[in-house]
Amino acid sequence: MTKLRDIYYCEICGNVVEIFNEGQPALVCCGQPMNLLEEKTADAGTEKHVPYIEETADGVLVKVGKNTPHPMLENHYIKFIELHKVDKICRFELKPGDAPERFYGVPKADIVKVRAWCNLHGLWKG
């Protein structure tokens with residue numbers, strides 16, 4: 001059963017679908033079930049994927065890669081950073097060469113979670 005804000009990925013064509021209306025038992029693309037992207041929360045390798053929040057005087061800075069920024073190469077990069085509030089989601093799309101971070105002018109206390117999606121290693125939650 002699909003849930004609101006779940007993200008599904010097709011391994012064949014690369015389509016990505018986010019659920020805005022929950023309830024369907026499964027999503028199909030290219031004749032096969034799409035994969036639900038699980039929100040990972042712990043890095044096992046040397047690359048850092050878990051987004052984290054730095055509080056500033058004017059809001060928050062969400063970064064991917066606390067000690068070392070995540071690579072932003074043509075073949076390996078963060079596709080988006082999202083900030084979830086109770087009543088709003090703010091998504092910032094990134095491309096190779098961009099810094100793996102985004103400033104949001106919201107108080108840290110209003111944030112429910114942050115997510116980032118690496119094109120190679122999937123969906124991450126902080």
# chains A, B, ... in the order shown; residues from 1 in each chain; ligands from 1
>>> residues_around(residues="A:Thr2", least_positions_apart="4", cutoff="9 Å", atoms="only C-alpha atoms", output="list in words")
Asp6, Ile19, Asn21, Glu22, Gly23, Gln24, Pro25, Ala26 and Leu27 of chain A
>>> residues_around(residues="stretch 54-58 of chain A", least_positions_apart="4", cutoff="8 Å", atoms="only C-alpha atoms", output="PDB file with N, CA and C atoms, in the first residue's frame")
ATOM      1  N   VAL A  62      20.797  23.265   5.241  1.00  0.00           N
ATOM      2  CA  VAL A  62      20.802  21.802   5.165  1.00  0.00           C
ATOM      3  C   VAL A  62      21.965  21.406   4.260  1.00  0.00           C
ATOM      4  N   LYS A  63      22.861  20.580   4.798  1.00  0.00           N
ATOM      5  CA  LYS A  63      24.036  20.125   4.055  1.00  0.00           C
ATOM      6  C   LYS A  63      24.022  18.612   3.942  1.00  0.00           C
ATOM      7  N   GLY A 105      14.772  29.600   4.897  1.00  0.00           N
ATOM      8  CA  GLY A 105      14.466  30.638   5.883  1.00  0.00           C
ATOM      9  C   GLY A 105      13.343  30.243   6.818  1.00  0.00           C
ATOM     10  N   VAL A 106      13.525  29.125   7.508  1.00  0.00           N
ATOM     11  CA  VAL A 106      12.526  28.648   8.474  1.00  0.00           C
ATOM     12  C   VAL A 106      13.223  28.334   9.793  1.00  0.00           C
ATOM     13  N   PRO A 107      12.529  28.465  10.910  1.00  0.00           N
ATOM     14  CA  PRO A 107      13.135  28.100  12.200  1.00  0.00           C
ATOM     15  C   PRO A 107      13.329  26.586  12.300  1.00  0.00           C
ATOM     16  N   LYS A 108      14.399  26.179  12.950  1.00  0.00           N
ATOM     17  CA  LYS A 108      14.698  24.755  13.104  1.00  0.00           C
ATOM     18  C   LYS A 108      13.557  24.022  13.823  1.00  0.00           C
TER      19      LYS A 108
END
>>> residues_around(residues="A:Gly14", least_positions_apart="6", cutoff="12 Å", atoms="only C-alpha atoms", output="ChimeraX atom specification")
/A:8,29-30,34-35,119-120
>>> residues_around(residues="A:Met72", least_positions_apart="2", cutoff="7 Å", atoms="only C-alpha atoms", output="compact mmCIF listing (two decimals) with N, CA and C atoms, in the first residue's frame")
# COMPACT_ATOMS: atom_id res chain seq x y z
N HIS A 70 29.30 15.93 0.01
CA HIS A 70 29.02 14.85 -0.92
C HIS A 70 29.54 15.25 -2.31
N GLU A 74 29.26 14.54 -12.53
CA GLU A 74 28.27 14.18 -13.56
C GLU A 74 27.64 12.81 -13.30
N HIS A 76 27.72 11.12 -10.24
CA HIS A 76 27.43 10.87 -8.82
C HIS A 76 27.17 12.21 -8.13
N TYR A 77 25.89 12.44 -7.80
CA TYR A 77 25.56 13.73 -7.19
C TYR A 77 24.24 13.64 -6.42
N ILE A 78 23.98 14.66 -5.63
CA ILE A 78 22.71 14.79 -4.91
C ILE A 78 21.73 15.46 -5.86
N PRO A 96 25.01 18.48 -11.09
CA PRO A 96 26.46 18.35 -10.91
C PRO A 96 27.13 19.73 -10.90
N GLY A 97 28.08 19.88 -9.99
CA GLY A 97 28.79 21.15 -9.86
C GLY A 97 28.23 22.07 -8.78
N ASP A 98 26.95 21.88 -8.40
CA ASP A 98 26.36 22.67 -7.32
C ASP A 98 26.94 22.23 -5.98
>>> atom_distance(atom1="atom CA of A:Gly65", atom2="atom CA of A:Val50")
6.7 Å
>>> select_by_dssp(residues="chain A", states="strand (DSSP E or B)", output="NGL selection string")
:A and (7-9 or 16-18 or 28-29 or 32-33 or 35-36 or 40 or 51-55 or 60-64 or 73 or 76 or 78-85 or 89-93 or 101-104 or 111-118 or 122-125)
>>> decode(residues="stretch 41-87 of chain A", atoms="C-alpha atoms", output="PDB file, in the first residue's frame")
ATOM      1  CA  THR A  41      19.720   7.178   8.080  1.00  0.00           C
ATOM      2  CA  ALA A  42      23.282   5.909   8.609  1.00  0.00           C
ATOM      3  CA  ASP A  43      26.331   6.080   6.341  1.00  0.00           C
ATOM      4  CA  ALA A  44      28.390   2.912   6.088  1.00  0.00           C
ATOM      5  CA  GLY A  45      30.996   4.056   3.558  1.00  0.00           C
ATOM      6  CA  THR A  46      33.389   6.944   3.249  1.00  0.00           C
ATOM      7  CA  GLU A  47      30.953   9.103   1.272  1.00  0.00           C
ATOM      8  CA  LYS A  48      28.500  11.005   3.405  1.00  0.00           C
ATOM      9  CA  HIS A  49      24.826  11.042   2.448  1.00  0.00           C
ATOM     10  CA  VAL A  50      22.800  11.799   5.578  1.00  0.00           C
ATOM     11  CA  PRO A  51      21.538  15.408   5.431  1.00  0.00           C
ATOM     12  CA  TYR A  52      22.022  17.489   8.537  1.00  0.00           C
ATOM     13  CA  ILE A  53      20.846  20.882   9.711  1.00  0.00           C
ATOM     14  CA  GLU A  54      22.959  23.869  10.756  1.00  0.00           C
ATOM     15  CA  GLU A  55      20.950  26.566  12.507  1.00  0.00           C
ATOM     16  CA  THR A  56      21.691  30.166  11.441  1.00  0.00           C
ATOM     17  CA  ALA A  57      20.365  33.543  12.542  1.00  0.00           C
ATOM     18  CA  ASP A  58      17.969  33.645   9.560  1.00  0.00           C
ATOM     19  CA  GLY A  59      16.906  29.980   9.273  1.00  0.00           C
ATOM     20  CA  VAL A  60      18.693  26.704   8.582  1.00  0.00           C
ATOM     21  CA  LEU A  61      21.342  25.434   6.204  1.00  0.00           C
ATOM     22  CA  VAL A  62      20.802  21.802   5.165  1.00  0.00           C
ATOM     23  CA  LYS A  63      24.036  20.125   4.055  1.00  0.00           C
ATOM     24  CA  VAL A  64      24.818  16.669   2.709  1.00  0.00           C
ATOM     25  CA  GLY A  65      28.164  15.497   4.043  1.00  0.00           C
ATOM     26  CA  LYS A  66      28.980  16.902   7.465  1.00  0.00           C
ATOM     27  CA  ASN A  67      32.795  16.730   7.453  1.00  0.00           C
ATOM     28  CA  THR A  68      33.257  16.263   3.707  1.00  0.00           C
ATOM     29  CA  PRO A  69      30.696  17.522   1.178  1.00  0.00           C
ATOM     30  CA  HIS A  70      29.022  14.851  -0.924  1.00  0.00           C
ATOM     31  CA  PRO A  71      30.528  14.619  -4.466  1.00  0.00           C
ATOM     32  CA  MET A  72      28.680  16.599  -7.110  1.00  0.00           C
ATOM     33  CA  LEU A  73      30.046  14.934 -10.257  1.00  0.00           C
ATOM     34  CA  GLU A  74      28.274  14.182 -13.555  1.00  0.00           C
ATOM     35  CA  ASN A  75      27.915  10.500 -12.607  1.00  0.00           C
ATOM     36  CA  HIS A  76      27.433  10.872  -8.818  1.00  0.00           C
ATOM     37  CA  TYR A  77      25.558  13.732  -7.190  1.00  0.00           C
ATOM     38  CA  ILE A  78      22.712  14.791  -4.913  1.00  0.00           C
ATOM     39  CA  LYS A  79      19.596  15.293  -7.069  1.00  0.00           C
ATOM     40  CA  PHE A  80      17.540  17.122  -4.437  1.00  0.00           C
ATOM     41  CA  ILE A  81      17.397  18.313  -0.849  1.00  0.00           C
ATOM     42  CA  GLU A  82      14.002  18.502   0.861  1.00  0.00           C
ATOM     43  CA  LEU A  83      12.873  20.154   4.054  1.00  0.00           C
ATOM     44  CA  HIS A  84       9.629  18.817   5.569  1.00  0.00           C
ATOM     45  CA  LYS A  85       7.440  20.935   7.819  1.00  0.00           C
ATOM     46  CA  VAL A  86       4.069  19.812   9.179  1.00  0.00           C
ATOM     47  CA  ASP A  87       2.168  21.661   6.437  1.00  0.00           C
TER      48      ASP A  87
END
